[in-house]
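coords05.cif (mmCIF, C-alpha atoms)
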data_my_file
#
loop_
_atom_site.label_atom_id
_atom_site.label_comp_id
_atom_site.auth_asym_id
_atom_site.auth_seq_id
_atom_site.Cartn_x
_atom_site.Cartn_y
_atom_site.Cartn_z
CA MET A 1 0.31 -13.51 34.50
CA ILE A 2 3.07 -12.87 31.99
CA THR A 3 4.75 -16.10 30.99
CA LEU A 4 7.13 -17.29 28.31
CA THR A 5 4.19 -18.32 26.13
CA SER A 6 2.86 -14.79 25.79
CA TYR A 7 6.20 -13.58 24.46
CA LEU A 8 6.39 -16.57 22.12
CA PHE A 9 2.91 -15.76 20.81
CA ILE A 10 3.82 -12.13 20.11
CA SER A 11 6.99 -13.29 18.38
CA LEU A 12 5.05 -15.78 16.25
CA VAL A 13 2.55 -13.14 15.15
CA LEU A 14 5.37 -10.73 14.29
CA PHE A 15 7.10 -13.42 12.25
CA LEU A 16 3.93 -14.29 10.34
CA VAL A 17 3.21 -10.65 9.59
CA GLY A 18 6.79 -10.24 8.35
CA VAL A 19 6.45 -13.24 6.04
CA MET A 20 3.15 -11.89 4.71
CA VAL A 21 4.70 -8.48 4.05
CA MET A 22 7.58 -10.12 2.19
CA LEU A 23 5.27 -12.25 0.06
CA ALA A 24 2.45 -9.80 -0.64
CA ARG A 25 4.35 -6.67 -1.55
CA LYS A 26 6.06 -6.04 -4.87
CA ASN A 27 8.05 -3.03 -3.61
CA ILE A 28 11.67 -3.72 -2.66
CA VAL A 29 11.64 -1.29 0.29
CA ALA A 30 8.50 -2.99 1.63
CA ILE A 31 10.25 -6.37 1.41
CA LEU A 32 13.09 -4.92 3.50
CA LEU A 33 10.49 -3.82 6.07
CA GLY A 34 9.29 -7.42 6.28
CA ILE A 35 12.85 -8.61 6.88
CA GLU A 36 13.20 -6.14 9.76
CA LEU A 37 10.02 -7.51 11.37
CA ILE A 38 11.30 -11.10 11.12
CA LEU A 39 14.68 -10.23 12.64
CA ASN A 40 12.95 -8.45 15.53
CA ALA A 41 10.80 -11.50 16.20
CA ALA A 42 13.93 -13.64 16.47
CA ALA A 43 15.65 -11.20 18.83
CA LEU A 44 12.55 -11.04 21.04
CA ASN A 45 12.61 -14.84 21.32
CA PHE A 46 16.25 -14.78 22.43
CA VAL A 47 15.65 -12.21 25.16
CA ALA A 48 12.49 -13.98 26.41
CA TYR A 49 14.31 -17.31 26.74
CA SER A 50 17.19 -15.55 28.42
CA ARG A 51 14.81 -14.22 31.10
CA PHE A 52 12.57 -17.23 31.65
CA VAL A 53 14.74 -20.29 31.03
CA THR A 54 18.48 -19.79 31.28
CA ASN A 55 18.60 -16.71 33.54
CA ASN A 56 21.90 -15.43 32.19
CA LEU A 57 22.78 -12.70 29.71
CA ASP A 58 23.73 -14.71 26.61
CA GLY A 59 20.36 -13.99 24.99
CA HIS A 60 20.98 -10.29 25.39
CA ILE A 61 24.32 -10.65 23.58
CA PHE A 62 22.55 -12.49 20.75
CA ALA A 63 19.90 -9.76 20.53
CA LEU A 64 22.58 -7.07 20.34
CA PHE A 65 24.35 -8.86 17.49
CA ILE A 66 21.03 -9.37 15.69
CA ILE A 67 20.39 -5.61 15.91
CA LEU A 68 23.89 -4.98 14.55
CA VAL A 69 23.53 -7.36 11.61
CA ALA A 70 20.08 -5.91 10.82
CA ALA A 71 21.54 -2.40 10.68
CA ALA A 72 24.33 -3.50 8.33
CA GLU A 73 21.85 -5.41 6.15
CA ALA A 74 19.53 -2.40 5.93
CA ALA A 75 22.39 -0.12 4.87
CA VAL A 76 23.58 -2.44 2.08
CA GLY A 77 20.04 -3.32 1.00
CA LEU A 78 18.96 0.31 0.66
CA ALA A 79 22.15 1.12 -1.27
CA ILE A 80 21.24 -1.67 -3.69
CA VAL A 81 17.67 -0.28 -3.93
CA ILE A 82 18.93 3.21 -4.80
CA ARG A 83 21.34 1.81 -7.41
CA PHE A 84 18.49 -0.27 -8.89
CA PHE A 85 16.32 2.83 -9.10
CA GLN A 86 19.10 4.72 -10.92
CA ILE A 87 19.25 2.00 -13.58
CA LYS A 88 15.61 0.88 -13.95
CA GLU A 89 13.67 4.02 -12.88
CA THR A 90 11.47 1.80 -10.67
CA ILE A 91 11.72 -0.38 -7.57
CA HIS A 92 9.18 -3.00 -8.66
CA ILE A 93 10.56 -6.47 -7.88
CA ASP A 94 9.32 -7.97 -11.17
CA GLU A 95 11.68 -5.69 -13.08
CA ALA A 96 14.70 -7.30 -11.41
CA THR A 97 15.25 -9.97 -14.01
CA GLN A 98 18.91 -9.70 -14.90
CA LEU A 99 22.14 -9.42 -12.97
CA ARG A 100 23.97 -7.13 -15.35
CA ASN A 101 22.85 -3.55 -16.14
CA MET B 1 1.16 -4.42 38.25
CA PHE B 2 3.14 -1.76 36.44
CA HIS B 3 4.96 -4.48 34.51
CA GLN B 4 1.69 -6.00 33.33
CA ILE B 5 0.28 -2.67 32.17
CA LEU B 6 3.51 -1.91 30.31
CA PHE B 7 3.49 -5.40 28.80
CA LEU B 8 -0.10 -5.09 27.56
CA MET B 9 0.46 -1.63 26.09
CA SER B 10 3.70 -2.64 24.37
CA ALA B 11 2.18 -5.84 22.99
CA ALA B 12 -0.84 -3.97 21.63
CA LEU B 13 1.38 -1.31 20.04
CA THR B 14 3.64 -3.94 18.49
CA LEU B 15 0.91 -6.13 17.03
CA ILE B 16 -1.39 -3.32 15.83
CA CYS B 17 1.44 -1.46 14.14
CA ALA B 18 2.77 -4.67 12.56
CA VAL B 19 -0.64 -5.43 11.06
CA ALA B 20 -0.86 -1.81 9.88
CA VAL B 21 2.49 -2.24 8.10
CA LEU B 22 0.89 -5.15 6.29
CA VAL B 23 -2.39 -3.57 5.23
CA THR B 24 -1.61 0.07 4.50
CA LYS B 25 -1.24 1.15 0.90
CA ASN B 26 1.10 4.09 1.40
CA MET B 27 4.79 3.28 1.65
CA MET B 28 5.55 6.28 3.88
CA HIS B 29 2.78 5.34 6.31
CA SER B 30 4.12 1.79 6.30
CA CYS B 31 7.55 3.02 7.45
CA ILE B 32 5.98 5.10 10.22
CA PHE B 33 3.96 2.09 11.44
CA LEU B 34 7.15 0.02 11.45
CA LEU B 35 8.62 2.67 13.75
CA GLY B 36 5.70 2.19 16.15
CA SER B 37 6.14 -1.57 16.08
CA LEU B 38 9.86 -1.30 16.88
CA LEU B 39 9.11 1.05 19.79
CA GLY B 40 6.65 -1.53 21.12
CA ILE B 41 9.35 -4.20 20.94
CA ALA B 42 11.65 -1.91 22.91
CA GLY B 43 8.92 -1.73 25.56
CA LEU B 44 8.73 -5.54 25.61
CA TYR B 45 12.52 -5.67 26.16
CA ALA B 46 12.03 -3.30 29.09
CA THR B 47 9.43 -5.62 30.65
CA LEU B 48 11.95 -8.47 30.29
CA GLY B 49 14.55 -6.53 32.25
CA ALA B 50 16.82 -6.03 29.24
CA ASP B 51 17.49 -2.33 29.63
CA PHE B 52 20.58 -2.07 27.46
CA VAL B 53 18.97 -4.03 24.63
CA ALA B 54 15.89 -1.79 24.80
CA VAL B 55 17.97 1.38 24.56
CA SER B 56 20.04 -0.10 21.73
CA GLN B 57 16.83 -1.02 19.92
CA ILE B 58 15.55 2.54 20.14
CA MET B 59 18.86 4.11 19.15
CA VAL B 60 19.72 1.81 16.25
CA TYR B 61 16.27 1.19 14.77
CA VAL B 62 14.35 4.38 15.45
CA GLY B 63 17.37 6.62 15.07
CA GLY B 64 19.01 4.81 12.19
CA VAL B 65 17.21 2.14 10.23
CA VAL B 66 13.76 3.75 9.96
CA ILE B 67 15.30 7.10 8.99
CA LEU B 68 17.32 5.26 6.31
CA MET B 69 14.12 3.58 5.07
CA LEU B 70 12.34 6.94 4.91
CA PHE B 71 15.20 8.42 2.90
CA ALA B 72 15.09 5.46 0.52
CA VAL B 73 11.31 5.87 0.07
CA MET B 74 11.71 9.57 -0.64
CA LEU B 75 14.62 9.06 -3.06
CA THR B 76 12.84 6.32 -5.03
CA GLY B 77 9.31 7.72 -4.86
CA GLY B 78 6.88 8.32 -7.66
CA LYS B 79 3.63 7.02 -8.94
CA ASP B 80 2.47 3.49 -8.30
CA PHE B 81 4.32 1.50 -10.93
CA VAL B 82 2.72 -1.54 -12.58
CA SER B 83 5.37 -3.81 -14.00
CA LYS B 84 5.14 -4.75 -17.66
CA ALA B 85 6.91 -8.05 -17.00
CA GLN B 86 4.75 -11.12 -17.51
CA ASN B 87 4.34 -13.27 -14.46
CA LEU B 88 2.00 -15.87 -13.07
CA LEU B 89 -0.42 -13.44 -11.42
CA GLY B 90 -0.77 -10.90 -14.22
CA LEU B 91 0.16 -7.27 -13.71
CA ALA B 92 0.65 -6.61 -10.04
CA PRO B 93 0.90 -3.08 -8.60
CA SER B 94 3.86 -2.45 -6.37
CA MET B 95 1.89 -2.64 -3.12
CA GLY B 96 0.32 -5.99 -4.03
CA ASN B 97 -3.13 -7.05 -5.17
CA LYS B 98 -5.59 -9.63 -3.94
CA TRP B 99 -3.71 -12.55 -5.49
CA THR B 100 -0.45 -11.80 -3.75
CA PHE B 101 -2.26 -11.23 -0.45
CA SER B 102 -4.12 -14.54 -0.88
CA ILE B 103 -0.89 -16.47 -1.38
CA ALA B 104 0.74 -14.72 1.57
CA GLY B 105 -2.28 -15.45 3.76
CA LEU B 106 -2.25 -19.13 2.80
CA VAL B 107 1.46 -19.42 3.64
CA ALA B 108 0.91 -17.63 6.95
CA VAL B 109 -2.00 -19.93 7.93
CA VAL B 110 -0.04 -23.09 7.14
CA PHE B 111 3.07 -21.89 8.93
CA GLY B 112 1.08 -20.59 11.89
CA LEU B 113 -0.70 -23.90 12.45
CA THR B 114 2.62 -25.75 12.21
CA SER B 115 4.15 -23.36 14.73
CA PHE B 116 1.29 -23.87 17.17
CA LEU B 117 2.10 -27.58 17.21
CA LEU B 118 5.75 -26.73 17.85
CA ILE B 119 4.90 -24.23 20.60
CA ASN B 120 2.82 -26.84 22.43
CA ASN B 121 6.00 -28.83 22.91
CA VAL B 122 8.22 -25.85 23.52
CA THR B 123 6.13 -24.48 26.38
CA LYS B 124 6.68 -27.68 28.35
CA VAL B 125 10.25 -26.50 28.96
CA VAL B 126 10.91 -25.75 32.59
CA THR B 127 10.70 -22.05 33.22
CA ILE B 128 12.38 -20.74 36.32
CA LYS B 129 10.43 -18.75 38.84
CA THR B 130 11.47 -15.13 38.53
CA GLN B 131 9.50 -13.54 41.30
CA ASN B 132 11.67 -10.46 41.77
CA ASP B 133 10.16 -7.59 39.82
CA GLU B 134 13.06 -5.38 40.85
CA PHE B 135 15.42 -5.60 37.91
CA VAL B 136 19.09 -4.88 38.31
CA SER B 137 20.98 -3.01 35.60
CA THR B 138 22.59 -5.31 33.05
CA VAL B 139 25.01 -2.79 31.54
CA ASN B 140 27.94 -3.72 33.77
CA GLN B 141 27.64 -7.46 33.17
CA LEU B 142 27.05 -6.98 29.43
CA GLY B 143 30.21 -4.90 29.13
CA HIS B 144 32.25 -7.55 30.89
CA LEU B 145 30.74 -10.29 28.70
CA LEU B 146 31.39 -8.39 25.48
CA VAL B 147 35.09 -7.87 26.13
CA LYS B 148 35.78 -11.17 27.88
CA ASN B 149 33.73 -14.12 26.63
CA HIS B 150 32.50 -12.74 23.30
CA VAL B 151 35.44 -10.58 22.30
CA LEU B 152 36.02 -12.38 18.97
CA ALA B 153 32.42 -11.80 17.84
CA PHE B 154 32.70 -8.19 19.01
CA GLU B 155 35.78 -7.56 16.85
CA ILE B 156 34.33 -9.38 13.85
CA SER B 157 31.17 -7.28 14.12
CA SER B 158 33.26 -4.11 13.91
CA VAL B 159 34.86 -5.40 10.70
CA LEU B 160 31.36 -6.29 9.39
CA LEU B 161 30.09 -2.78 10.06
CA LEU B 162 33.11 -1.24 8.32
CA GLY B 163 32.59 -3.50 5.32
CA ALA B 164 28.88 -2.67 5.17
CA LEU B 165 29.63 1.06 5.33
CA VAL B 166 32.23 0.97 2.54
CA GLY B 167 30.11 -1.40 0.45
CA ALA B 168 27.01 0.76 0.73
CA ALA B 169 28.98 3.88 -0.24
CA ILE B 170 30.48 2.11 -3.27
CA ILE B 171 27.20 0.54 -4.45
CA ALA B 172 25.11 3.71 -4.17
CA ARG B 173 27.60 6.07 -5.81
CA PRO B 174 26.24 8.10 -8.73
CA LYS B 175 26.71 6.93 -12.26
CA ARG B 176 29.97 7.92 -13.90
CA GLN B 177 29.40 9.80 -17.14
#
Produce structure tokens that represent the structure in this file.
Amino acid sequence: MITLTSYLFISLVLFLVGVMVMLARKNIVAILLGIELILNAAALNFVAYSRFVTNNLDGHIFALFIILVAAAEAAVGLAIVIRFFQIKETIHIDEATQLRN
Amino acid sequence: MFHQILFLMSAALTLICAVAVLVTKNMMHSCIFLLGSLLGIAGLYATLGADFVAVSQIMVYVGGVVILMLFAVMLTGGKDFVSKAQNLLGLAPSMGNKWTFSIAGLVAVVFGLTSFLLINNVTKVVTIKTQNDEFVSTVNQLGHLLVKNHVLAFEISSVLLLGALVGAAIIARPKRQ
């Protein structure tokens, strides 16, 4: 039987994997991948509650706006990554030690 | 029955590909596994009856974000770079070593146990009985909601997307000689 708890468990595992990706990797693009996993876990929670608890469509609206904000964040984040690579010739996170040049 | 098979397949695809994103050493393979995980989440949306969200997930993520990630990986590629900067864990390669994975695993265990305590309380919330497996299309109602109740957020999101587009183009422009 598929219940709310099964969706919550999948969402929890996705969130934990996203946190581990963010903490374990030293590559800036890999950290952005972790952020995408975390945002998807949050959106899945919204849609699951919308189906099993409130039974209206507000959770779907929230999930759509989360997808939108994630797309905007990925665009700006990857632009920053490419600019960083032009300056430093690497995308290792330990090289990002100063704000200017 | 069909819903349960689709749920199990989507959940397995999501979780296996998410773990593969974590453990693989190749950045390109990591992006491809993220694509599989996002497709599995779209399948989970379909089992929840959220058809428009599932299609949006596939179009925006698989068609946009993952392609953008692949372009970024290809534009910034090269050999595995070991930073010369001194830090607490010594010289770490860019895909992590055993120290970074140990710290991440410790954080995940602590947070996971805490979340299990929280979920024990959360699952006592009253869930309604949704016995109808025949889903109705949500596109009509979502369109009405977006331009009636949530019209301010809708307009602000369009301004946000325009700002992100212009900002990304300005930040990533080539260096002026």
task: Apply the PyMOL selection byres ((chain A and resi 35-51) around 8) to the displayed file and report the matching residues as a PyMOL selection string.
output: (chain A and resi 4+7-8+11-12+14-15+17-19+22+31-34+52-60+62-63+66-67+70) or (chain B and resi 18+38+41+45+48-50)
task: Run through the PyMOL selection byres ((chain A) within 6 of (chain B)) on the given coordinates and return the selected residues as a PyMOL selection string.
output: chain A and resi 16+20-21+23-27+52-53+72+76+79+83+92
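The space separating atom CA of B:Leu6 from atom CA of A:Ile2 comes to 11.1 Å.
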- prompt: If you measure from atom CA of A:Ala74 to atom CA of A:Val29, what distance in Å do you get, rounded to one decimal?
  reply: 9.8 Å
Point-to-point distance from atom CA of B:Ile58 to atom CA of B:Val159, Å rounded to tenths: 22.9 Å
